[in-house]
file input07.cif (mmCIF, C-alpha atoms and all ligand atoms)
data_entry
loop_
_atom_site.label_atom_id
_atom_site.label_comp_id
_atom_site.auth_asym_id
_atom_site.auth_seq_id
_atom_site.Cartn_x
_atom_site.Cartn_y
_atom_site.Cartn_z
CA MET A 1 188.65 -39.21 -180.46
CA ALA A 2 189.85 -42.28 -182.37
CA GLU A 3 191.04 -45.29 -180.40
CA LEU A 4 194.29 -47.22 -180.76
CA ILE A 5 193.96 -51.03 -180.53
CA VAL A 6 197.05 -53.23 -180.37
CA ALA A 7 196.74 -56.63 -182.07
CA LEU A 8 197.91 -59.37 -179.71
CA ASP A 9 199.29 -61.51 -182.53
CA VAL A 10 201.02 -63.91 -180.14
CA SER A 11 200.07 -67.45 -179.22
CA SER A 12 200.34 -67.77 -175.44
CA LYS A 13 199.10 -66.14 -172.26
CA ALA A 14 202.70 -65.71 -171.13
CA GLU A 15 203.47 -63.58 -174.18
CA VAL A 16 200.26 -61.58 -173.67
CA ALA A 17 201.21 -60.88 -170.07
CA GLY A 18 204.59 -59.62 -171.25
CA VAL A 19 203.13 -57.31 -173.89
CA VAL A 20 200.42 -55.88 -171.62
CA ALA A 21 202.90 -55.28 -168.78
CA ARG A 22 205.46 -53.72 -171.10
CA LEU A 23 203.01 -51.37 -172.80
CA GLY A 24 201.41 -50.38 -169.49
CA ASP A 25 199.43 -47.14 -169.65
CA ALA A 26 200.48 -46.48 -173.24
CA VAL A 27 197.78 -48.88 -174.52
CA ASP A 28 194.37 -49.66 -173.07
CA PHE A 29 192.70 -51.62 -175.90
CA TYR A 30 193.82 -55.00 -177.31
CA LYS A 31 192.66 -57.28 -180.11
CA ILE A 32 192.47 -61.01 -179.46
CA GLY A 33 192.12 -63.05 -182.64
CA LEU A 34 191.40 -66.61 -183.63
CA GLU A 35 194.90 -67.97 -183.08
CA LEU A 36 195.29 -66.72 -179.52
CA PHE A 37 191.69 -67.53 -178.57
CA SER A 38 191.99 -71.04 -180.01
CA ALA A 39 195.19 -71.61 -178.06
CA GLU A 40 194.25 -70.08 -174.71
CA GLY A 41 190.47 -69.74 -174.69
CA PRO A 42 188.40 -67.29 -172.62
CA ASP A 43 191.07 -67.17 -169.89
CA VAL A 44 193.19 -64.90 -172.05
CA VAL A 45 190.27 -62.49 -172.43
CA ARG A 46 189.77 -62.49 -168.65
CA MET A 47 193.47 -61.87 -168.16
CA VAL A 48 193.48 -58.77 -170.38
CA LYS A 49 190.22 -57.49 -168.84
CA ASP A 50 191.63 -58.06 -165.34
CA ALA A 51 194.56 -55.84 -166.32
CA GLY A 52 191.97 -53.08 -166.78
CA LYS A 53 192.09 -53.11 -170.58
CA ARG A 54 189.37 -53.17 -173.22
CA VAL A 55 189.18 -56.16 -175.57
CA PHE A 56 188.29 -56.50 -179.24
CA LEU A 57 187.46 -60.20 -179.70
CA ASP A 58 188.06 -60.84 -183.39
CA LEU A 59 186.60 -64.30 -184.07
CA LYS A 60 184.71 -63.37 -187.28
CA LEU A 61 181.60 -65.34 -186.35
CA HIS A 62 179.73 -67.03 -189.21
CA ASP A 63 177.18 -69.71 -188.35
CA ILE A 64 173.43 -70.20 -187.97
CA PRO A 65 171.70 -67.33 -186.14
CA ARG A 66 171.14 -69.25 -182.89
CA THR A 67 174.78 -70.31 -182.62
CA VAL A 68 176.10 -66.84 -183.39
CA ALA A 69 173.69 -65.27 -180.90
CA ARG A 70 174.93 -67.65 -178.20
CA ALA A 71 178.56 -66.96 -179.05
CA VAL A 72 177.88 -63.21 -178.84
CA LYS A 73 176.34 -63.75 -175.40
CA ALA A 74 179.39 -65.73 -174.31
CA GLY A 75 181.70 -62.94 -175.51
CA ALA A 76 179.55 -60.26 -173.92
CA GLY A 77 179.62 -62.25 -170.68
CA LEU A 78 183.41 -62.01 -170.73
CA GLY A 79 183.05 -58.25 -170.95
CA VAL A 80 184.53 -57.78 -174.41
CA ASP A 81 184.01 -54.37 -175.98
CA LEU A 82 184.08 -55.21 -179.70
CA MET A 83 183.33 -58.46 -181.57
CA THR A 84 183.38 -59.35 -185.27
CA LEU A 85 181.03 -61.38 -187.46
CA HIS A 86 180.84 -61.96 -191.20
CA ALA A 87 178.18 -59.86 -192.93
CA SER A 88 177.83 -62.76 -195.38
CA GLY A 89 176.17 -64.77 -192.58
CA GLY A 90 173.06 -62.88 -193.66
CA LYS A 91 170.31 -60.71 -192.26
CA ALA A 92 168.88 -63.18 -189.73
CA MET A 93 172.32 -63.96 -188.33
CA ILE A 94 173.23 -60.28 -187.94
CA GLN A 95 169.88 -59.49 -186.33
CA ALA A 96 170.18 -62.42 -183.91
CA ALA A 97 173.68 -61.26 -182.94
CA ALA A 98 172.48 -57.69 -182.38
CA GLU A 99 169.54 -58.86 -180.27
CA ALA A 100 171.84 -61.05 -178.18
CA ALA A 101 174.25 -58.17 -177.61
CA ALA A 102 171.41 -55.79 -176.70
CA THR A 103 170.41 -57.98 -173.75
CA PHE A 104 173.62 -56.75 -172.08
CA GLY A 105 172.41 -53.14 -172.11
CA ALA A 106 175.11 -50.57 -171.44
CA THR A 107 177.83 -53.24 -171.32
CA ALA A 108 176.88 -54.79 -174.69
CA PRO A 109 179.81 -55.29 -177.04
CA LYS A 110 179.70 -53.40 -180.31
CA LEU A 111 179.33 -55.77 -183.26
CA LEU A 112 181.53 -55.20 -186.28
CA ALA A 113 180.93 -56.77 -189.65
CA VAL A 114 183.60 -58.09 -191.95
CA THR A 115 182.36 -57.13 -195.43
CA ALA A 116 184.72 -59.22 -197.55
CA LEU A 117 188.00 -60.73 -196.41
CA THR A 118 190.86 -58.70 -197.84
CA SER A 119 192.46 -61.98 -198.91
CA LEU A 120 189.71 -62.38 -201.54
CA ASP A 121 189.90 -60.86 -205.00
CA GLN A 122 187.44 -60.51 -207.84
CA SER A 123 188.09 -64.03 -209.14
CA ASP A 124 187.29 -65.46 -205.69
CA LEU A 125 183.96 -63.64 -205.78
CA THR A 126 183.28 -65.18 -209.18
CA ASP A 127 184.08 -68.63 -207.73
CA LEU A 128 181.52 -67.91 -205.00
CA GLY A 129 178.91 -67.04 -207.60
CA ILE A 130 179.02 -63.32 -206.80
CA GLY A 131 178.90 -61.35 -210.06
CA ARG A 132 179.24 -57.76 -208.83
CA ALA A 133 182.47 -55.79 -208.57
CA MET A 134 184.39 -56.08 -205.29
CA ALA A 135 183.79 -52.41 -204.37
CA ASP A 136 180.03 -52.82 -204.88
CA HIS A 137 180.06 -56.07 -202.90
CA VAL A 138 181.87 -54.43 -199.97
CA GLU A 139 179.35 -51.55 -199.93
CA ALA A 140 176.39 -53.93 -200.13
CA MET A 141 177.74 -56.09 -197.29
CA GLY A 142 178.36 -52.99 -195.16
CA LEU A 143 174.82 -51.76 -195.75
CA LEU A 144 173.37 -55.21 -194.97
CA ALA A 145 175.26 -55.22 -191.68
CA ILE A 146 174.44 -51.68 -190.58
CA THR A 147 170.75 -51.85 -191.50
CA ASN A 148 170.34 -55.10 -189.55
CA GLY A 149 171.86 -53.97 -186.28
CA ALA A 150 175.64 -54.18 -186.58
CA ASP A 151 177.44 -51.23 -184.99
CA GLY A 152 180.20 -50.90 -187.53
CA ILE A 153 182.58 -52.56 -189.92
CA VAL A 154 186.21 -53.56 -190.28
CA CYS A 155 187.72 -52.19 -193.47
CA SER A 156 190.92 -51.11 -195.14
CA PRO A 157 192.00 -47.52 -194.51
CA LYS A 158 191.78 -47.08 -198.28
CA GLU A 159 188.05 -47.87 -198.17
CA VAL A 160 187.11 -46.05 -195.01
CA ALA A 161 186.28 -42.63 -196.48
CA ASN A 162 183.88 -44.17 -198.97
CA MET A 163 182.37 -46.46 -196.34
CA ASN A 164 181.76 -43.42 -194.08
CA ARG A 165 179.93 -41.77 -196.97
CA VAL A 166 177.77 -44.86 -197.61
CA LEU A 167 177.10 -46.14 -194.09
CA ILE A 168 176.65 -43.03 -191.95
CA PRO A 169 173.41 -42.00 -193.71
CA ALA A 170 172.18 -45.61 -193.58
CA ALA A 171 172.68 -45.71 -189.80
CA GLN A 172 170.03 -42.98 -189.37
CA GLY A 173 171.68 -41.19 -186.48
CA ARG A 174 173.26 -44.19 -184.73
CA SER A 175 177.02 -43.81 -184.47
CA VAL A 176 179.01 -46.15 -186.71
CA VAL A 177 182.33 -47.73 -185.73
CA PHE A 178 184.98 -47.95 -188.46
CA VAL A 179 187.89 -50.19 -187.51
CA THR A 180 190.93 -50.21 -189.77
CA PRO A 181 193.99 -52.45 -189.71
CA GLY A 182 196.77 -51.85 -192.24
CA VAL A 183 198.12 -48.79 -190.46
CA ARG A 184 201.80 -47.88 -190.73
CA PRO A 185 203.51 -44.74 -189.42
CA ALA A 186 205.38 -42.92 -192.20
CA GLY A 187 208.65 -44.72 -192.86
CA ALA A 188 207.70 -47.92 -190.98
CA ASP A 189 208.17 -51.39 -192.45
CA VAL A 190 205.02 -52.30 -194.38
CA GLY A 191 205.52 -56.08 -193.88
CA ASP A 192 202.86 -58.09 -195.72
CA GLN A 193 200.32 -55.25 -195.70
CA LYS A 194 199.60 -54.01 -199.20
CA ARG A 195 197.16 -51.12 -198.79
CA VAL A 196 198.48 -49.13 -195.86
CA ALA A 197 197.76 -45.66 -194.52
CA THR A 198 199.42 -43.55 -191.85
CA PRO A 199 197.65 -43.18 -188.51
CA ALA A 200 196.83 -39.54 -189.30
CA GLY A 201 195.52 -40.44 -192.75
CA ALA A 202 193.29 -43.20 -191.41
CA VAL A 203 191.79 -40.91 -188.75
CA ARG A 204 191.23 -38.07 -191.22
CA ASP A 205 189.44 -40.48 -193.56
CA GLY A 206 187.02 -41.52 -190.82
CA SER A 207 188.55 -44.46 -188.94
CA THR A 208 187.27 -44.52 -185.38
CA HIS A 209 189.55 -47.37 -184.24
CA LEU A 210 193.00 -48.24 -185.60
CA VAL A 211 194.38 -51.77 -185.18
CA VAL A 212 198.16 -51.83 -185.09
CA GLY A 213 200.35 -54.87 -184.53
CA ARG A 214 203.95 -55.13 -185.67
CA PRO A 215 204.78 -51.39 -185.77
CA ILE A 216 204.31 -51.46 -181.97
CA LEU A 217 205.09 -55.04 -180.95
CA GLU A 218 208.29 -55.24 -182.99
CA ALA A 219 209.52 -51.73 -182.24
CA ALA A 220 212.78 -51.33 -180.33
CA ASP A 221 210.79 -49.21 -177.86
CA PRO A 222 207.12 -50.34 -178.04
CA VAL A 223 205.93 -47.73 -175.53
CA ALA A 224 207.46 -44.90 -177.55
CA ALA A 225 206.02 -46.37 -180.76
CA ALA A 226 202.52 -46.57 -179.26
CA ARG A 227 202.74 -43.02 -177.87
CA ALA A 228 203.95 -41.67 -181.21
CA ILE A 229 201.03 -43.29 -183.06
CA ARG A 230 198.59 -42.01 -180.45
CA ALA A 231 200.02 -38.47 -180.77
CA GLU A 232 199.75 -38.63 -184.56
CA MET A 233 196.11 -39.75 -184.30
CA ASP A 234 195.24 -36.98 -181.85
CA ALA A 235 196.98 -34.33 -183.97
CA ALA A 236 195.02 -35.41 -187.03
CA LEU A 237 191.69 -34.41 -185.52
O1 LIG B 1 201.03 -56.24 -187.62
P1 LIG B 1 199.91 -55.52 -188.27
O2 LIG B 1 199.80 -54.06 -187.86
O3 LIG B 1 199.88 -55.70 -189.77
O4 LIG B 1 198.62 -56.25 -187.68
C1 LIG B 1 197.35 -55.94 -188.13
C2 LIG B 1 196.30 -56.79 -187.48
O5 LIG B 1 195.06 -56.61 -188.15
C3 LIG B 1 196.58 -58.29 -187.52
O6 LIG B 1 196.00 -58.88 -186.36
C4 LIG B 1 195.85 -58.73 -188.76
O7 LIG B 1 195.45 -60.07 -188.72
C5 LIG B 1 194.62 -57.83 -188.73
N1 LIG B 1 193.99 -57.63 -190.04
C6 LIG B 1 194.66 -57.10 -191.12
N2 LIG B 1 194.05 -56.94 -192.33
C7 LIG B 1 192.79 -57.30 -192.47
C8 LIG B 1 192.09 -57.83 -191.40
C9 LIG B 1 192.72 -57.99 -190.18
O8 LIG B 1 195.83 -56.77 -191.02
N3 LIG B 1 192.21 -57.11 -193.62
#

call {"tool": "encode", "arguments": {"input": "input07.cif", "output": "structure tokens"}}
result
Amino acid sequence: MAELIVALDVSSKAEVAGVVARLGDAVDFYKIGLELFSAEGPDVVRMVKDAGKRVFLDLKLHDIPRTVARAVKAGAGLGVDLMTLHASGGKAMIQAAAEAAATFGATAPKLLAVTALTSLDQSDLTDLGIGRAMADHVEAMGLLAITNGADGIVCSPKEVANMNRVLIPAAQGRSVVFVTPGVRPAGADVGDQKRVATPAGAVRDGSTHLVVGRPILEAADPVAAARAIRAEMDAAL
């Protein structure tokens, strides 16, 4: 069963409290990103956890292995369920993060790799000295992450079918988490998202977790919007 995660793209604890209270039982998984975490710190994670919800802490860690390992431990200590790091931090960094998470046993957060920021294009890769095509780079970064202990990746719903094909065999029986933002119910405002898929399409293509922000937060009836997306995801399976 795929999971629905609502992106808390707000900047204060007060707004978070409002969203979580309003959505109630319709949503039990939230994403906290860099803006909110920078503004409110670990307290906002505790607040969402105390409301009985799961948390995806999306800080996209990228630093030396020791620092990333310690940040993973700090996140795991808060009880977060998913955390992100950049695959481009390299093998030693990914391994150190995975080892740090594993010390939490059954409560360890799952570590998701960012393969290449979707804001980058081929010319940015060239600027970085990376000569291969973007699609090849994304696959290579996904493989690096999965074969060094990451539990999954974040990717566009347009890439997820191919990434399932590439990464599931590489995981050698471990389950792989595929998190996709860029989801829009049919007919919804696309906003600044360029490569969108419907909730049903994303699930059919192998997304295990869908991150949705504005289509729920900006809906006239956010509870109904969340329930409709959830129903579409369930019907797709
Ligand atoms: O409002 P919307 O549904 O577009 O929100 C999607 C969430 O996923 C936002 O928090 C956004 O930052 C995040 N995200 C994304 N595209 C990426 C990576 C993350 O939309 N490539």

call {"tool": "closest_residue", "arguments": {"input": "input07.cif", "among": "A:Gly18, A:Gly142, A:Pro109, A:Pro199", "to": "Ala228 (chain A)", "atoms": "only C-alpha atoms"}}
result
A:Pro199

call {"tool": "residues_near_ligand", "arguments": {"input": "input07.cif", "ligand": "ligand LIG 1 (chain B)", "cutoff": "6 Å", "atoms": "all atoms listed in the file", "output": "list in words"}}
result
Ala7, Asp9, Thr118, Pro181, Gly182, Gln193, Val211, Val212, Gly213 and Arg214 of chain A

call {"tool": "residues_around", "arguments": {"input": "input07.cif", "residues": "region 19-28 of chain A", "least_positions_apart": "6", "cutoff": "8 Å", "atoms": "only C-alpha atoms", "output": "PyMOL selection string"}}
result
chain A and resi 4-6+48+51-54+217+222-223+226-227

call {"tool": "atom_distance", "arguments": {"input": "input07.cif", "atom1": "CA of Tyr30 (chain A)", "atom2": "CA of Val45 (chain A)"}}
result
9.6 Å

call {"tool": "atom_distance", "arguments": {"input": "input07.cif", "atom1": "CA of Ala101 (chain A)", "atom2": "CA of Asn148 (chain A)"}}
result
12.9 Å

call {"tool": "atom_distance", "arguments": {"input": "input07.cif", "atom1": "CA of Lys158 (chain A)", "atom2": "CA of Arg174 (chain A)"}}
result
23.1 Å

call {"tool": "residues_around", "arguments": {"input": "input07.cif", "residues": "Glu232 (chain A)", "least_positions_apart": "4", "cutoff": "12 Å", "atoms": "only C-alpha atoms", "output": "PyMOL selection string"}}
result
chain A and resi 1-4+183-186+198-204+210+225-228+236-237

call {"tool": "residues_around", "arguments": {"input": "input07.cif", "residues": "Met163 (chain A)", "least_positions_apart": "5", "cutoff": "12 Å", "atoms": "all atoms listed in the file", "output": "VMD selection string"}}
result
chain A and resid 115 135 to 143 146 152 to 158 168 to 171 176 to 180 205 to 207

call {"tool": "residues_around", "arguments": {"input": "input07.cif", "residues": "Met93 (chain A)", "least_positions_apart": "2", "cutoff": "9 Å", "atoms": "only C-alpha atoms", "output": "PDB file with C-alpha atoms, in the frame of the given file"}}
result
ATOM      1  CA  HIS A  62     179.730 -67.030-189.210  1.00  0.00           C
ATOM      2  CA  ASP A  63     177.180 -69.710-188.350  1.00  0.00           C
ATOM      3  CA  ILE A  64     173.430 -70.200-187.970  1.00  0.00           C
ATOM      4  CA  PRO A  65     171.700 -67.330-186.140  1.00  0.00           C
ATOM      5  CA  ARG A  66     171.140 -69.250-182.890  1.00  0.00           C
ATOM      6  CA  THR A  67     174.780 -70.310-182.620  1.00  0.00           C
ATOM      7  CA  VAL A  68     176.100 -66.840-183.390  1.00  0.00           C
ATOM      8  CA  ALA A  69     173.690 -65.270-180.900  1.00  0.00           C
ATOM      9  CA  ALA A  87     178.180 -59.860-192.930  1.00  0.00           C
ATOM     10  CA  GLY A  89     176.170 -64.770-192.580  1.00  0.00           C
ATOM     11  CA  GLY A  90     173.060 -62.880-193.660  1.00  0.00           C
ATOM     12  CA  LYS A  91     170.310 -60.710-192.260  1.00  0.00           C
ATOM     13  CA  GLN A  95     169.880 -59.490-186.330  1.00  0.00           C
ATOM     14  CA  ALA A  96     170.180 -62.420-183.910  1.00  0.00           C
ATOM     15  CA  ALA A  97     173.680 -61.260-182.940  1.00  0.00           C
ATOM     16  CA  ALA A  98     172.480 -57.690-182.380  1.00  0.00           C
TER      17      ALA A  98
END

call {"tool": "closest_residue", "arguments": {"input": "input07.cif", "among": "A:Arg132, A:Leu34, A:Met233, A:Ala106", "to": "Thr84 (chain A)", "atoms": "all atoms listed in the file"}}
result
A:Leu34

call {"tool": "closest_residue", "arguments": {"input": "input07.cif", "among": "A:Lys194, A:Thr208, A:Ser119, A:Arg230", "to": "Val160 (chain A)", "atoms": "all atoms listed in the file"}}
result
A:Thr208

call {"tool": "residues_near_point", "arguments": {"input": "input07.cif", "point": "(181.6, -61.7, -179.2)", "cutoff": "8 Å", "atoms": "all atoms listed in the file", "output": "short mmCIF file (atom, residue, chain, number, x, y, z; two decimals) with C-alpha atoms, in the frame of the given file"}}
result
data_model
loop_
_atom_site.label_atom_id
_atom_site.label_comp_id
_atom_site.auth_asym_id
_atom_site.auth_seq_id
_atom_site.Cartn_x
_atom_site.Cartn_y
_atom_site.Cartn_z
CA LEU A 57 187.46 -60.20 -179.70
CA ASP A 58 188.06 -60.84 -183.39
CA LEU A 59 186.60 -64.30 -184.07
CA ALA A 71 178.56 -66.96 -179.05
CA VAL A 72 177.88 -63.21 -178.84
CA LYS A 73 176.34 -63.75 -175.40
CA ALA A 74 179.39 -65.73 -174.31
CA GLY A 75 181.70 -62.94 -175.51
CA ALA A 76 179.55 -60.26 -173.92
CA VAL A 80 184.53 -57.78 -174.41
CA LEU A 82 184.08 -55.21 -179.70
CA MET A 83 183.33 -58.46 -181.57
CA THR A 84 183.38 -59.35 -185.27
CA PRO A 109 179.81 -55.29 -177.04
CA LEU A 111 179.33 -55.77 -183.26
#

call {"tool": "residues_around", "arguments": {"input": "input07.cif", "residues": "Leu85 (chain A)", "least_positions_apart": "3", "cutoff": "7 Å", "atoms": "all atoms listed in the file", "output": "list in words"}}
result
Lys60, Leu61, His62, Leu112, Ala113 and Val114 of chain A

call {"tool": "decode", "arguments": {"input": "input07.cif", "residues": "region 103-124 of chain A", "atoms": "N, CA and C atoms", "output": "compact mmCIF listing (two decimals), in the first residue's frame"}}
result
# COMPACT_ATOMS: atom_id res chain seq x y z
N THR A 103 21.90 1.73 14.09
CA THR A 103 22.04 1.60 15.55
C THR A 103 20.69 1.81 16.25
N PHE A 104 19.70 2.31 15.52
CA PHE A 104 18.37 2.51 16.12
C PHE A 104 17.45 1.30 15.93
N GLY A 105 17.98 0.24 15.31
CA GLY A 105 17.22 -1.00 15.17
C GLY A 105 15.88 -0.79 14.49
N ALA A 106 14.83 -1.32 15.11
CA ALA A 106 13.51 -1.29 14.48
C ALA A 106 12.98 0.13 14.30
N THR A 107 13.48 1.08 15.08
CA THR A 107 12.97 2.46 14.94
C THR A 107 13.85 3.32 14.02
N ALA A 108 14.81 2.70 13.36
CA ALA A 108 15.71 3.46 12.47
C ALA A 108 14.93 4.15 11.36
N PRO A 109 15.27 5.40 11.06
CA PRO A 109 14.63 6.03 9.91
C PRO A 109 15.12 5.38 8.62
N LYS A 110 14.29 5.39 7.60
CA LYS A 110 14.74 4.95 6.28
C LYS A 110 15.45 6.12 5.62
N LEU A 111 16.59 5.84 4.98
CA LEU A 111 17.39 6.90 4.36
C LEU A 111 17.13 6.92 2.86
N LEU A 112 16.78 8.09 2.38
CA LEU A 112 16.46 8.27 0.96
C LEU A 112 17.52 9.14 0.32
N ALA A 113 17.96 8.73 -0.85
CA ALA A 113 18.96 9.51 -1.56
C ALA A 113 18.31 10.42 -2.60
N VAL A 114 18.83 11.63 -2.66
CA VAL A 114 18.52 12.53 -3.78
C VAL A 114 19.56 12.22 -4.84
N THR A 115 19.12 11.86 -6.04
CA THR A 115 20.08 11.46 -7.09
C THR A 115 20.69 12.69 -7.76
N ALA A 116 19.82 13.55 -8.28
CA ALA A 116 20.25 14.84 -8.83
C ALA A 116 19.09 15.79 -8.61
N LEU A 117 19.37 16.96 -8.12
CA LEU A 117 18.28 17.93 -7.90
C LEU A 117 17.56 18.17 -9.21
N THR A 118 16.23 18.22 -9.15
CA THR A 118 15.48 18.42 -10.40
C THR A 118 15.65 19.83 -10.94
N SER A 119 16.26 20.71 -10.16
CA SER A 119 16.54 22.06 -10.64
C SER A 119 17.77 22.09 -11.56
N LEU A 120 18.52 20.99 -11.61
CA LEU A 120 19.72 20.95 -12.45
C LEU A 120 19.36 20.42 -13.84
N ASP A 121 20.04 20.94 -14.85
CA ASP A 121 19.89 20.37 -16.20
C ASP A 121 21.26 19.92 -16.70
N GLN A 122 21.26 19.47 -17.94
CA GLN A 122 22.49 18.90 -18.50
C GLN A 122 23.65 19.89 -18.46
N SER A 123 23.37 21.17 -18.70
CA SER A 123 24.47 22.15 -18.71
C SER A 123 25.04 22.35 -17.30
N ASP A 124 24.18 22.19 -16.27
CA ASP A 124 24.70 22.26 -14.90
C ASP A 124 25.65 21.09 -14.63
